Structures are given as structure tokens and as C-alpha cells.
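Trainee: Pasting entry_3.txt here (compact mmCIF, N, CA and C atoms):
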# COMPACT_ATOMS: atom_id res chain seq x y z
N GLN A 1 193.58 102.94 121.60
CA GLN A 1 193.78 104.31 121.14
C GLN A 1 194.94 104.34 120.16
N VAL A 2 194.66 104.86 118.98
CA VAL A 2 195.68 104.90 117.94
C VAL A 2 196.63 106.07 118.18
N GLN A 3 197.90 105.78 118.07
CA GLN A 3 198.92 106.82 118.18
C GLN A 3 199.74 106.85 116.90
N VAL A 4 199.93 108.05 116.39
CA VAL A 4 200.75 108.26 115.20
C VAL A 4 201.92 109.12 115.63
N ILE A 5 203.11 108.57 115.53
CA ILE A 5 204.28 109.25 116.08
C ILE A 5 205.32 109.46 115.00
N GLU A 6 205.64 110.72 114.74
CA GLU A 6 206.67 111.06 113.75
C GLU A 6 207.99 111.34 114.48
N SER A 7 209.07 111.12 113.77
CA SER A 7 210.39 111.49 114.28
C SER A 7 211.24 111.93 113.10
N GLY A 8 212.31 112.64 113.43
CA GLY A 8 213.17 113.17 112.39
C GLY A 8 212.89 114.64 112.19
N GLY A 9 213.24 115.15 111.04
CA GLY A 9 213.05 116.55 110.78
C GLY A 9 214.20 117.38 111.29
N GLY A 10 214.00 118.69 111.28
CA GLY A 10 215.05 119.59 111.73
C GLY A 10 215.36 120.63 110.68
N THR A 11 216.59 121.12 110.73
CA THR A 11 217.03 122.17 109.82
C THR A 11 218.07 121.64 108.86
N ALA A 12 217.96 122.04 107.61
CA ALA A 12 218.91 121.60 106.59
C ALA A 12 219.19 122.75 105.64
N GLN A 13 220.26 122.61 104.91
CA GLN A 13 220.59 123.58 103.87
C GLN A 13 220.07 123.08 102.53
N PRO A 14 219.86 123.99 101.59
CA PRO A 14 219.43 123.55 100.25
C PRO A 14 220.38 122.51 99.68
N GLY A 15 219.80 121.45 99.14
CA GLY A 15 220.59 120.36 98.59
C GLY A 15 220.86 119.23 99.56
N ASP A 16 220.60 119.46 100.83
CA ASP A 16 220.82 118.43 101.84
C ASP A 16 219.69 117.39 101.82
N SER A 17 219.86 116.40 102.68
CA SER A 17 218.85 115.34 102.84
C SER A 17 218.41 115.25 104.29
N LEU A 18 217.16 114.86 104.48
CA LEU A 18 216.62 114.57 105.80
C LEU A 18 215.73 113.34 105.69
N ARG A 19 215.53 112.69 106.83
CA ARG A 19 214.74 111.47 106.86
C ARG A 19 213.72 111.57 107.99
N LEU A 20 212.47 111.33 107.65
CA LEU A 20 211.40 111.30 108.64
C LEU A 20 210.90 109.87 108.79
N SER A 21 210.49 109.56 109.99
CA SER A 21 209.95 108.25 110.28
C SER A 21 208.60 108.40 110.96
N CYS A 22 207.71 107.46 110.71
CA CYS A 22 206.40 107.48 111.34
C CYS A 22 206.01 106.06 111.73
N ARG A 23 205.48 105.94 112.92
CA ARG A 23 205.02 104.65 113.40
C ARG A 23 203.62 104.79 113.98
N VAL A 24 202.76 103.84 113.64
CA VAL A 24 201.40 103.81 114.19
C VAL A 24 201.30 102.65 115.16
N SER A 25 200.72 102.92 116.32
CA SER A 25 200.54 101.87 117.32
C SER A 25 199.18 102.03 117.98
N GLY A 26 198.79 101.00 118.72
CA GLY A 26 197.51 101.04 119.41
C GLY A 26 196.36 100.69 118.49
N GLY A 27 195.16 100.86 118.97
CA GLY A 27 193.98 100.56 118.18
C GLY A 27 193.76 99.07 118.03
N THR A 28 192.78 98.72 117.22
CA THR A 28 192.39 97.33 117.07
C THR A 28 192.87 96.70 115.78
N SER A 29 193.41 97.49 114.88
CA SER A 29 193.84 96.97 113.59
C SER A 29 195.31 96.59 113.62
N SER A 30 195.64 95.54 112.88
CA SER A 30 197.04 95.14 112.77
C SER A 30 197.73 95.87 111.63
N THR A 31 196.97 96.44 110.73
CA THR A 31 197.54 97.14 109.56
C THR A 31 196.89 98.50 109.41
N TYR A 32 197.72 99.51 109.20
CA TYR A 32 197.24 100.86 108.93
C TYR A 32 197.84 101.34 107.61
N TYR A 33 197.02 102.00 106.83
CA TYR A 33 197.49 102.65 105.62
C TYR A 33 197.99 104.04 106.02
N MET A 34 199.16 104.42 105.50
CA MET A 34 199.84 105.61 106.00
C MET A 34 200.33 106.49 104.87
N ALA A 35 200.34 107.78 105.10
CA ALA A 35 200.77 108.74 104.09
C ALA A 35 201.45 109.93 104.77
N TRP A 36 202.12 110.72 103.96
CA TRP A 36 202.76 111.93 104.44
C TRP A 36 202.10 113.16 103.80
N PHE A 37 201.89 114.18 104.62
CA PHE A 37 201.41 115.48 104.18
C PHE A 37 202.34 116.54 104.74
N ARG A 38 202.21 117.74 104.24
CA ARG A 38 202.94 118.85 104.81
C ARG A 38 202.11 120.12 104.73
N GLN A 39 202.45 121.04 105.62
CA GLN A 39 201.71 122.30 105.68
C GLN A 39 202.67 123.44 105.98
N ALA A 40 202.77 124.35 105.04
CA ALA A 40 203.58 125.54 105.22
C ALA A 40 202.71 126.65 105.83
N PRO A 41 203.32 127.63 106.47
CA PRO A 41 202.53 128.71 107.08
C PRO A 41 201.61 129.39 106.08
N GLY A 42 200.35 129.52 106.45
CA GLY A 42 199.39 130.19 105.60
C GLY A 42 198.87 129.38 104.43
N GLU A 43 199.27 128.12 104.37
CA GLU A 43 198.84 127.28 103.26
C GLU A 43 198.03 126.08 103.75
N GLU A 44 197.35 125.44 102.82
CA GLU A 44 196.60 124.24 103.15
C GLU A 44 197.56 123.06 103.32
N ARG A 45 197.08 122.04 104.00
CA ARG A 45 197.85 120.82 104.14
C ARG A 45 197.85 120.10 102.79
N LYS A 46 199.05 119.71 102.34
CA LYS A 46 199.19 119.13 101.02
C LYS A 46 199.79 117.73 101.06
N PHE A 47 199.38 116.93 100.12
CA PHE A 47 199.85 115.56 100.01
C PHE A 47 201.32 115.52 99.60
N VAL A 48 202.08 114.66 100.25
CA VAL A 48 203.50 114.48 99.91
C VAL A 48 203.76 113.11 99.30
N GLY A 49 203.34 112.06 100.00
CA GLY A 49 203.63 110.73 99.47
C GLY A 49 202.86 109.64 100.17
N TYR A 50 202.74 108.52 99.47
CA TYR A 50 201.97 107.38 99.97
C TYR A 50 202.58 106.10 99.42
N LEU A 51 202.68 105.11 100.28
CA LEU A 51 203.14 103.78 99.89
C LEU A 51 201.96 102.83 100.02
N ASN A 52 201.55 102.29 98.89
CA ASN A 52 200.44 101.35 98.88
C ASN A 52 200.95 99.98 99.28
N TRP A 53 200.51 99.51 100.46
CA TRP A 53 200.98 98.20 100.92
C TRP A 53 200.62 97.10 99.92
N ASN A 54 199.52 97.28 99.21
CA ASN A 54 199.06 96.28 98.26
C ASN A 54 199.74 96.50 96.90
N GLY A 55 200.85 95.90 96.72
CA GLY A 55 201.59 96.03 95.48
C GLY A 55 202.87 96.82 95.59
N GLY A 56 202.97 97.62 96.66
CA GLY A 56 204.21 98.36 96.89
C GLY A 56 204.40 99.61 96.05
N HIS A 57 203.37 100.04 95.33
CA HIS A 57 203.52 101.24 94.50
C HIS A 57 203.54 102.49 95.37
N THR A 58 204.27 103.49 94.92
CA THR A 58 204.36 104.75 95.64
C THR A 58 203.77 105.88 94.80
N TYR A 59 203.26 106.89 95.50
CA TYR A 59 202.61 108.03 94.85
C TYR A 59 203.12 109.29 95.54
N TYR A 60 203.34 110.34 94.76
CA TYR A 60 203.94 111.55 95.29
C TYR A 60 203.24 112.80 94.80
N GLY A 61 203.36 113.84 95.63
CA GLY A 61 202.93 115.14 95.18
C GLY A 61 203.86 115.64 94.08
N ASP A 62 203.35 116.47 93.20
CA ASP A 62 204.13 116.91 92.04
C ASP A 62 205.42 117.62 92.44
N SER A 63 205.38 118.37 93.52
CA SER A 63 206.54 119.19 93.88
C SER A 63 207.69 118.38 94.48
N VAL A 64 207.45 117.14 94.82
CA VAL A 64 208.51 116.33 95.46
C VAL A 64 208.92 115.13 94.62
N LYS A 65 208.27 114.91 93.51
CA LYS A 65 208.60 113.77 92.66
C LYS A 65 210.06 113.81 92.24
N GLY A 66 210.72 112.66 92.34
CA GLY A 66 212.11 112.58 91.96
C GLY A 66 213.08 112.97 93.05
N ARG A 67 212.57 113.56 94.13
CA ARG A 67 213.44 113.98 95.24
C ARG A 67 213.13 113.25 96.53
N PHE A 68 211.87 112.95 96.75
CA PHE A 68 211.43 112.28 97.98
C PHE A 68 211.07 110.83 97.68
N THR A 69 211.29 109.98 98.66
CA THR A 69 210.97 108.56 98.53
C THR A 69 210.28 108.07 99.80
N VAL A 70 209.18 107.36 99.60
CA VAL A 70 208.47 106.75 100.73
C VAL A 70 208.76 105.26 100.73
N SER A 71 209.12 104.76 101.89
CA SER A 71 209.32 103.32 102.07
C SER A 71 208.71 102.94 103.41
N GLY A 72 208.70 101.64 103.72
CA GLY A 72 208.10 101.28 104.99
C GLY A 72 208.11 99.81 105.27
N ASP A 73 207.54 99.49 106.41
CA ASP A 73 207.43 98.11 106.88
C ASP A 73 205.99 97.89 107.30
N LYS A 74 205.26 97.16 106.50
CA LYS A 74 203.83 96.95 106.75
C LYS A 74 203.60 96.24 108.08
N ALA A 75 204.42 95.25 108.37
CA ALA A 75 204.22 94.46 109.59
C ALA A 75 204.39 95.30 110.85
N LYS A 76 205.21 96.33 110.75
CA LYS A 76 205.47 97.18 111.91
C LYS A 76 204.71 98.50 111.86
N ASN A 77 203.94 98.72 110.80
CA ASN A 77 203.21 99.98 110.63
C ASN A 77 204.16 101.17 110.73
N ILE A 78 205.23 101.09 109.95
CA ILE A 78 206.23 102.16 109.90
C ILE A 78 206.38 102.63 108.47
N VAL A 79 206.40 103.93 108.27
CA VAL A 79 206.74 104.49 106.97
C VAL A 79 207.86 105.51 107.14
N ILE A 80 208.70 105.57 106.14
CA ILE A 80 209.85 106.46 106.13
C ILE A 80 209.71 107.42 104.96
N LEU A 81 210.03 108.67 105.19
CA LEU A 81 210.08 109.66 104.12
C LEU A 81 211.53 110.13 103.99
N GLN A 82 212.17 109.72 102.92
CA GLN A 82 213.52 110.15 102.63
C GLN A 82 213.46 111.36 101.72
N MET A 83 214.00 112.47 102.18
CA MET A 83 213.91 113.72 101.44
C MET A 83 215.31 114.13 100.98
N ASN A 84 215.52 114.13 99.70
CA ASN A 84 216.80 114.50 99.11
C ASN A 84 216.66 115.80 98.32
N SER A 85 217.79 116.40 98.04
CA SER A 85 217.82 117.65 97.26
C SER A 85 216.81 118.66 97.79
N LEU A 86 216.86 118.87 99.08
CA LEU A 86 215.89 119.75 99.72
C LEU A 86 216.00 121.17 99.19
N GLU A 87 214.85 121.81 99.12
CA GLU A 87 214.74 123.19 98.65
C GLU A 87 214.07 124.03 99.73
N PRO A 88 214.32 125.33 99.73
CA PRO A 88 213.64 126.19 100.73
C PRO A 88 212.12 126.03 100.70
N GLU A 89 211.57 125.72 99.53
CA GLU A 89 210.12 125.54 99.41
C GLU A 89 209.61 124.29 100.11
N ASP A 90 210.51 123.45 100.54
CA ASP A 90 210.13 122.25 101.30
C ASP A 90 209.91 122.55 102.78
N THR A 91 210.20 123.76 103.18
CA THR A 91 210.00 124.15 104.57
C THR A 91 208.53 124.07 104.94
N ALA A 92 208.23 123.27 105.97
CA ALA A 92 206.84 123.05 106.37
C ALA A 92 206.84 122.16 107.61
N VAL A 93 205.66 122.04 108.19
CA VAL A 93 205.44 121.00 109.19
C VAL A 93 204.97 119.76 108.44
N TYR A 94 205.64 118.66 108.68
CA TYR A 94 205.33 117.41 108.00
C TYR A 94 204.51 116.52 108.93
N TYR A 95 203.42 116.00 108.39
CA TYR A 95 202.50 115.18 109.16
C TYR A 95 202.40 113.78 108.57
N CYS A 96 202.33 112.82 109.46
CA CYS A 96 202.03 111.46 109.07
C CYS A 96 200.54 111.22 109.32
N ALA A 97 199.88 110.60 108.36
CA ALA A 97 198.45 110.32 108.47
C ALA A 97 198.22 108.82 108.32
N ALA A 98 197.17 108.33 108.94
CA ALA A 98 196.88 106.91 108.88
C ALA A 98 195.38 106.67 108.84
N ARG A 99 195.03 105.51 108.33
CA ARG A 99 193.64 105.08 108.35
C ARG A 99 193.64 103.56 108.39
N ILE A 100 192.53 103.00 108.82
CA ILE A 100 192.44 101.55 108.95
C ILE A 100 192.07 100.90 107.63
N ASN A 101 191.10 101.46 106.97
CA ASN A 101 190.57 100.83 105.76
C ASN A 101 191.27 101.36 104.52
N ARG A 102 191.48 100.45 103.59
CA ARG A 102 192.04 100.83 102.30
C ARG A 102 191.05 101.73 101.57
N MET A 103 191.56 102.67 100.78
CA MET A 103 190.65 103.52 99.99
C MET A 103 191.12 103.57 98.54
N VAL A 104 190.25 104.05 97.69
CA VAL A 104 190.63 104.18 96.29
C VAL A 104 191.74 105.22 96.17
N LEU A 105 192.58 105.02 95.19
CA LEU A 105 193.75 105.87 95.04
C LEU A 105 193.39 107.32 94.79
N SER A 106 192.26 107.56 94.22
CA SER A 106 191.86 108.94 93.95
C SER A 106 191.65 109.74 95.22
N GLY A 107 191.52 109.06 96.35
CA GLY A 107 191.26 109.74 97.60
C GLY A 107 192.47 110.00 98.47
N ILE A 108 193.61 109.44 98.12
CA ILE A 108 194.76 109.50 99.04
C ILE A 108 195.30 110.91 99.21
N ARG A 109 195.07 111.80 98.26
CA ARG A 109 195.65 113.14 98.32
C ARG A 109 194.83 114.12 99.15
N SER A 110 193.69 113.70 99.63
CA SER A 110 192.81 114.59 100.40
C SER A 110 192.98 114.35 101.89
N PRO A 111 193.38 115.37 102.63
CA PRO A 111 193.57 115.18 104.08
C PRO A 111 192.31 114.69 104.79
N GLU A 112 191.15 115.08 104.32
CA GLU A 112 189.91 114.70 105.01
C GLU A 112 189.63 113.21 104.95
N ASN A 113 190.34 112.48 104.10
CA ASN A 113 190.13 111.04 104.00
C ASN A 113 190.98 110.24 104.97
N TRP A 114 191.79 110.93 105.75
CA TRP A 114 192.67 110.23 106.69
C TRP A 114 192.16 110.45 108.11
N ASN A 115 192.14 109.39 108.90
CA ASN A 115 191.47 109.40 110.19
C ASN A 115 192.37 109.79 111.36
N PHE A 116 193.65 109.41 111.27
CA PHE A 116 194.55 109.61 112.41
C PHE A 116 195.76 110.42 111.96
N TRP A 117 196.18 111.33 112.82
CA TRP A 117 197.28 112.22 112.48
C TRP A 117 198.31 112.29 113.60
N GLY A 118 199.57 112.45 113.20
CA GLY A 118 200.61 112.73 114.18
C GLY A 118 200.62 114.20 114.53
N GLN A 119 201.50 114.55 115.45
CA GLN A 119 201.61 115.93 115.91
C GLN A 119 202.32 116.82 114.89
N GLY A 120 203.06 116.22 114.00
CA GLY A 120 203.80 116.99 113.02
C GLY A 120 205.23 117.22 113.46
N THR A 121 206.10 117.33 112.48
CA THR A 121 207.51 117.61 112.77
C THR A 121 207.99 118.70 111.79
N GLN A 122 208.70 119.67 112.32
CA GLN A 122 209.12 120.82 111.52
C GLN A 122 210.34 120.47 110.68
N VAL A 123 210.27 120.84 109.42
CA VAL A 123 211.42 120.76 108.52
C VAL A 123 211.68 122.17 107.99
N THR A 124 212.88 122.66 108.20
CA THR A 124 213.25 123.99 107.74
C THR A 124 214.47 123.87 106.83
N VAL A 125 214.34 124.41 105.63
CA VAL A 125 215.43 124.39 104.67
C VAL A 125 215.85 125.82 104.40
N SER A 126 217.06 126.14 104.80
CA SER A 126 217.51 127.52 104.69
C SER A 126 219.03 127.56 104.60
N SER A 127 219.53 128.50 103.82
CA SER A 127 220.98 128.68 103.74
C SER A 127 221.44 129.70 104.77
Is it possible to express this structure as C-alpha cells?

Mentor:
Amino acid sequence: QVQVIESGGGTAQPGDSLRLSCRVSGGTSSTYYMAWFRQAPGEERKFVGYLNWNGGHTYYGDSVKGRFTVSGDKAKNIVILQMNSLEPEDTAVYYCAARINRMVLSGIRSPENWNFWGQGTQVTVSS
């Protein structure tokens, strides 16, 4: 049974930084592809970032480019989301998503292409 477990999050002021961590365990695969999404109240779940284990390239949603960084450890199935220069618009529940099989890059931004999800962790940015 695959488990996706997020940690971190909390409350921050505008301009602050927060760090989220996600670990995938269980299941039959030794490697999981992992990404971050977020969902604000009344909105759809949106893509935040992805680290491609094959080559190490990172991909980000437009609203977080230059402020957020995804890193990770492939051997441990861990990804980290470092969030800097936080803005009130970053307030959302942040989800870690995982899948076993690699997919084309054009598909990484769609939540329906990810098979396993964490429970989500709340990030609130407010002065």
C-alpha cells in the first residue's frame, strides 16, 4: 500500500519562507515520480512544481517561478518544496502527488495524471 506523507507547512507572514517535505513509502516500486500541487478554497487543484528524476530538471507553475524550489532524493523517494518570498496568494492546502510510471512532461501539470496523493498540509500567508 502506497503512502504519501507530507510534513511542514503552517502560518507565515508575507516575505517569509516555509519548507514542505514529502515521502512516499510502501507499494511495489522502488522509485516514484513526485510533484507538488496546491488548492485554495473554491479553486481547482493547481500544479506547483516537479523534479524530473531523469536529468534533474525542475518545472514550476507560473505563479511560483523564481520563488519556489523543488529538490529531492530519488533513492529515498523524498521531495522538498522550499517556498521563499511567500505571498498571501500562496495560501492553500499543498498536496504531494506520486505515480509509479514516468510520463511525458506535457502531462505533469494535470492532477488526473497522478495516482497517489497525500492528505495535504495547510499553508497560510497572512500579515

Trainee: Which residue out of A:Gly61, A:Leu105, A:Thr69, A:Asn113 has the minimum interatomic distance to Leu81 in chain A when only N, CA and C atoms are used?

Mentor: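 For Leu81 in chain A, the nearest of the given residues is A:Thr69.
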
Trainee: What does the structure give for the distance between CA of Gln13 in chain A and CA of Ser85 in chain A, in Å to one decimal?

Mentor: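 These two atoms are separated by 9.3 Å.
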
Trainee: Given the choices A:Pro111, A:Ser63, A:Ala75, A:Thr91, which gets closest to Ser30 in chain A if the distance is worked out from only C-alpha atoms?

Mentor: A:Ala75

Trainee: With only C-alpha atoms as the basis for distance, which of A:Thr31, A:Trp53, A:Ala40, A:Glu87 is at the shortest distance from Ser71 in chain A?

Mentor: A:Trp53

Trainee: In Å, rounded to a single decimal, give me how far CA of Val104 in chain A is from CA of Asn84 in chain A.

Mentor: 28.3 Å

Trainee: Looking only at strand (DSSP E) from DSSP on the backbone, list the matching residues of range 3-114 of chain A as number ranges by chain.

Mentor: A: 3-8, 10-12, 18-25, 33-39, 46-51, 58-60, 68-73, 78-83, 92-99

Trainee: Give me a file of those residues, with N, CA and C atoms, as a compact mmCIF listing (two decimals), in the frame of the given file.

Mentor:
# COMPACT_ATOMS: atom_id res chain seq x y z
N GLN A 3 197.90 105.78 118.07
CA GLN A 3 198.92 106.82 118.18
C GLN A 3 199.74 106.85 116.90
N VAL A 4 199.93 108.05 116.39
CA VAL A 4 200.75 108.26 115.20
C VAL A 4 201.92 109.12 115.63
N ILE A 5 203.11 108.57 115.53
CA ILE A 5 204.28 109.25 116.08
C ILE A 5 205.32 109.46 115.00
N GLU A 6 205.64 110.72 114.74
CA GLU A 6 206.67 111.06 113.75
C GLU A 6 207.99 111.34 114.48
N SER A 7 209.07 111.12 113.77
CA SER A 7 210.39 111.49 114.28
C SER A 7 211.24 111.93 113.10
N GLY A 8 212.31 112.64 113.43
CA GLY A 8 213.17 113.17 112.39
C GLY A 8 212.89 114.64 112.19
N GLY A 10 214.00 118.69 111.28
CA GLY A 10 215.05 119.59 111.73
C GLY A 10 215.36 120.63 110.68
N THR A 11 216.59 121.12 110.73
CA THR A 11 217.03 122.17 109.82
C THR A 11 218.07 121.64 108.86
N ALA A 12 217.96 122.04 107.61
CA ALA A 12 218.91 121.60 106.59
C ALA A 12 219.19 122.75 105.64
N LEU A 18 217.16 114.86 104.48
CA LEU A 18 216.62 114.57 105.80
C LEU A 18 215.73 113.34 105.69
N ARG A 19 215.53 112.69 106.83
CA ARG A 19 214.74 111.47 106.86
C ARG A 19 213.72 111.57 107.99
N LEU A 20 212.47 111.33 107.65
CA LEU A 20 211.40 111.30 108.64
C LEU A 20 210.90 109.87 108.79
N SER A 21 210.49 109.56 109.99
CA SER A 21 209.95 108.25 110.28
C SER A 21 208.60 108.40 110.96
N CYS A 22 207.71 107.46 110.71
CA CYS A 22 206.40 107.48 111.34
C CYS A 22 206.01 106.06 111.73
N ARG A 23 205.48 105.94 112.92
CA ARG A 23 205.02 104.65 113.40
C ARG A 23 203.62 104.79 113.98
N VAL A 24 202.76 103.84 113.64
CA VAL A 24 201.40 103.81 114.19
C VAL A 24 201.30 102.65 115.16
N SER A 25 200.72 102.92 116.32
CA SER A 25 200.54 101.87 117.32
C SER A 25 199.18 102.03 117.98
N TYR A 33 197.02 102.00 106.83
CA TYR A 33 197.49 102.65 105.62
C TYR A 33 197.99 104.04 106.02
N MET A 34 199.16 104.42 105.50
CA MET A 34 199.84 105.61 106.00
C MET A 34 200.33 106.49 104.87
N ALA A 35 200.34 107.78 105.10
CA ALA A 35 200.77 108.74 104.09
C ALA A 35 201.45 109.93 104.77
N TRP A 36 202.12 110.72 103.96
CA TRP A 36 202.76 111.93 104.44
C TRP A 36 202.10 113.16 103.80
N PHE A 37 201.89 114.18 104.62
CA PHE A 37 201.41 115.48 104.18
C PHE A 37 202.34 116.54 104.74
N ARG A 38 202.21 117.74 104.24
CA ARG A 38 202.94 118.85 104.81
C ARG A 38 202.11 120.12 104.73
N GLN A 39 202.45 121.04 105.62
CA GLN A 39 201.71 122.30 105.68
C GLN A 39 202.67 123.44 105.98
N LYS A 46 199.05 119.71 102.34
CA LYS A 46 199.19 119.13 101.02
C LYS A 46 199.79 117.73 101.06
N PHE A 47 199.38 116.93 100.12
CA PHE A 47 199.85 115.56 100.01
C PHE A 47 201.32 115.52 99.60
N VAL A 48 202.08 114.66 100.25
CA VAL A 48 203.50 114.48 99.91
C VAL A 48 203.76 113.11 99.30
N GLY A 49 203.34 112.06 100.00
CA GLY A 49 203.63 110.73 99.47
C GLY A 49 202.86 109.64 100.17
N TYR A 50 202.74 108.52 99.47
CA TYR A 50 201.97 107.38 99.97
C TYR A 50 202.58 106.10 99.42
N LEU A 51 202.68 105.11 100.28
CA LEU A 51 203.14 103.78 99.89
C LEU A 51 201.96 102.83 100.02
N THR A 58 204.27 103.49 94.92
CA THR A 58 204.36 104.75 95.64
C THR A 58 203.77 105.88 94.80
N TYR A 59 203.26 106.89 95.50
CA TYR A 59 202.61 108.03 94.85
C TYR A 59 203.12 109.29 95.54
N TYR A 60 203.34 110.34 94.76
CA TYR A 60 203.94 111.55 95.29
C TYR A 60 203.24 112.80 94.80
N PHE A 68 211.87 112.95 96.75
CA PHE A 68 211.43 112.28 97.98
C PHE A 68 211.07 110.83 97.68
N THR A 69 211.29 109.98 98.66
CA THR A 69 210.97 108.56 98.53
C THR A 69 210.28 108.07 99.80
N VAL A 70 209.18 107.36 99.60
CA VAL A 70 208.47 106.75 100.73
C VAL A 70 208.76 105.26 100.73
N SER A 71 209.12 104.76 101.89
CA SER A 71 209.32 103.32 102.07
C SER A 71 208.71 102.94 103.41
N GLY A 72 208.70 101.64 103.72
CA GLY A 72 208.10 101.28 104.99
C GLY A 72 208.11 99.81 105.27
N ASP A 73 207.54 99.49 106.41
CA ASP A 73 207.43 98.11 106.88
C ASP A 73 205.99 97.89 107.30
N ILE A 78 205.23 101.09 109.95
CA ILE A 78 206.23 102.16 109.90
C ILE A 78 206.38 102.63 108.47
N VAL A 79 206.40 103.93 108.27
CA VAL A 79 206.74 104.49 106.97
C VAL A 79 207.86 105.51 107.14
N ILE A 80 208.70 105.57 106.14
CA ILE A 80 209.85 106.46 106.13
C ILE A 80 209.71 107.42 104.96
N LEU A 81 210.03 108.67 105.19
CA LEU A 81 210.08 109.66 104.12
C LEU A 81 211.53 110.13 103.99
N GLN A 82 212.17 109.72 102.92
CA GLN A 82 213.52 110.15 102.63
C GLN A 82 213.46 111.36 101.72
N MET A 83 214.00 112.47 102.18
CA MET A 83 213.91 113.72 101.44
C MET A 83 215.31 114.13 100.98
N ALA A 92 208.23 123.27 105.97
CA ALA A 92 206.84 123.05 106.37
C ALA A 92 206.84 122.16 107.61
N VAL A 93 205.66 122.04 108.19
CA VAL A 93 205.44 121.00 109.19
C VAL A 93 204.97 119.76 108.44
N TYR A 94 205.64 118.66 108.68
CA TYR A 94 205.33 117.41 108.00
C TYR A 94 204.51 116.52 108.93
N TYR A 95 203.42 116.00 108.39
CA TYR A 95 202.50 115.18 109.16
C TYR A 95 202.40 113.78 108.57
N CYS A 96 202.33 112.82 109.46
CA CYS A 96 202.03 111.46 109.07
C CYS A 96 200.54 111.22 109.32
N ALA A 97 199.88 110.60 108.36
CA ALA A 97 198.45 110.32 108.47
C ALA A 97 198.22 108.82 108.32
N ALA A 98 197.17 108.33 108.94
CA ALA A 98 196.88 106.91 108.88
C ALA A 98 195.38 106.67 108.84
N ARG A 99 195.03 105.51 108.33
CA ARG A 99 193.64 105.08 108.35
C ARG A 99 193.64 103.56 108.39

Trainee: In Å, rounded to a single decimal, give me how far CA of Val2 in chain A is from CA of Tyr95 in chain A.

Mentor: 15.1 Å

Trainee: Go through A:Leu18, A:Ala12, A:Val24, A:Ala98 one by one, measure the shortest atom-to-atom distance of each to Met83 in chain A using all atoms listed in the file, and give the residue with the smallest value.

Mentor: A:Leu18

Trainee: I need the residue nearest Lys46 in chain A from this list: A:Ser127, A:Arg109, A:Gln122, A:Tyr32. Use only N, CA and C atoms for the distance.

Mentor: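 Residue with the minimum atom-to-atom distance to Lys46 in chain A: A:Arg109.
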
Trainee: Give me the residues near Val93 in chain A as a short mmCIF file (atom, residue, chain, number, x, y, z; two decimals) with N, CA and C atoms, keeping the file's coordinate frame, where near means some atom within 7 Å (using all atoms listed in the file) and where sequence neighbours in that chain fewer than 5 positions away do not count.

Mentor:
data_model
loop_
_atom_site.label_atom_id
_atom_site.label_comp_id
_atom_site.auth_asym_id
_atom_site.auth_seq_id
_atom_site.Cartn_x
_atom_site.Cartn_y
_atom_site.Cartn_z
N PHE A 37 201.89 114.18 104.62
CA PHE A 37 201.41 115.48 104.18
C PHE A 37 202.34 116.54 104.74
N ARG A 38 202.21 117.74 104.24
CA ARG A 38 202.94 118.85 104.81
C ARG A 38 202.11 120.12 104.73
N GLN A 39 202.45 121.04 105.62
CA GLN A 39 201.71 122.30 105.68
C GLN A 39 202.67 123.44 105.98
N ALA A 40 202.77 124.35 105.04
CA ALA A 40 203.58 125.54 105.22
C ALA A 40 202.71 126.65 105.83
N PRO A 41 203.32 127.63 106.47
CA PRO A 41 202.53 128.71 107.08
C PRO A 41 201.61 129.39 106.08
N GLY A 120 203.06 116.22 114.00
CA GLY A 120 203.80 116.99 113.02
C GLY A 120 205.23 117.22 113.46
N THR A 121 206.10 117.33 112.48
CA THR A 121 207.51 117.61 112.77
C THR A 121 207.99 118.70 111.79
N GLN A 122 208.70 119.67 112.32
CA GLN A 122 209.12 120.82 111.52
C GLN A 122 210.34 120.47 110.68
N VAL A 123 210.27 120.84 109.42
CA VAL A 123 211.42 120.76 108.52
C VAL A 123 211.68 122.17 107.99
#

Trainee: Neighbourhood query: residues within 8 Å of (206.2, 107.8, 109.5), file coordinates, counting all atoms listed in the file; return as a list in words.

Mentor: Val4, Ile5, Glu6, Ser7, Leu20, Ser21, Cys22, Arg23, Val24, Met34, Ala35, Trp36, Asn77, Ile78, Val79, Ile80, Leu81, Tyr95, Cys96 and Ala97 of chain A

Trainee: For the residues selected in the previous step, produce a file with N, CA and C atoms as a compact mmCIF listing (two decimals), keeping the file's coordinate frame.

Mentor:
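The resulting file, again35.txt, is shown below:
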# COMPACT_ATOMS: atom_id res chain seq x y z
N VAL A 4 199.93 108.05 116.39
CA VAL A 4 200.75 108.26 115.20
C VAL A 4 201.92 109.12 115.63
N ILE A 5 203.11 108.57 115.53
CA ILE A 5 204.28 109.25 116.08
C ILE A 5 205.32 109.46 115.00
N GLU A 6 205.64 110.72 114.74
CA GLU A 6 206.67 111.06 113.75
C GLU A 6 207.99 111.34 114.48
N SER A 7 209.07 111.12 113.77
CA SER A 7 210.39 111.49 114.28
C SER A 7 211.24 111.93 113.10
N LEU A 20 212.47 111.33 107.65
CA LEU A 20 211.40 111.30 108.64
C LEU A 20 210.90 109.87 108.79
N SER A 21 210.49 109.56 109.99
CA SER A 21 209.95 108.25 110.28
C SER A 21 208.60 108.40 110.96
N CYS A 22 207.71 107.46 110.71
CA CYS A 22 206.40 107.48 111.34
C CYS A 22 206.01 106.06 111.73
N ARG A 23 205.48 105.94 112.92
CA ARG A 23 205.02 104.65 113.40
C ARG A 23 203.62 104.79 113.98
N VAL A 24 202.76 103.84 113.64
CA VAL A 24 201.40 103.81 114.19
C VAL A 24 201.30 102.65 115.16
N MET A 34 199.16 104.42 105.50
CA MET A 34 199.84 105.61 106.00
C MET A 34 200.33 106.49 104.87
N ALA A 35 200.34 107.78 105.10
CA ALA A 35 200.77 108.74 104.09
C ALA A 35 201.45 109.93 104.77
N TRP A 36 202.12 110.72 103.96
CA TRP A 36 202.76 111.93 104.44
C TRP A 36 202.10 113.16 103.80
N ASN A 77 203.94 98.72 110.80
CA ASN A 77 203.21 99.98 110.63
C ASN A 77 204.16 101.17 110.73
N ILE A 78 205.23 101.09 109.95
CA ILE A 78 206.23 102.16 109.90
C ILE A 78 206.38 102.63 108.47
N VAL A 79 206.40 103.93 108.27
CA VAL A 79 206.74 104.49 106.97
C VAL A 79 207.86 105.51 107.14
N ILE A 80 208.70 105.57 106.14
CA ILE A 80 209.85 106.46 106.13
C ILE A 80 209.71 107.42 104.96
N LEU A 81 210.03 108.67 105.19
CA LEU A 81 210.08 109.66 104.12
C LEU A 81 211.53 110.13 103.99
N TYR A 95 203.42 116.00 108.39
CA TYR A 95 202.50 115.18 109.16
C TYR A 95 202.40 113.78 108.57
N CYS A 96 202.33 112.82 109.46
CA CYS A 96 202.03 111.46 109.07
C CYS A 96 200.54 111.22 109.32
N ALA A 97 199.88 110.60 108.36
CA ALA A 97 198.45 110.32 108.47
C ALA A 97 198.22 108.82 108.32
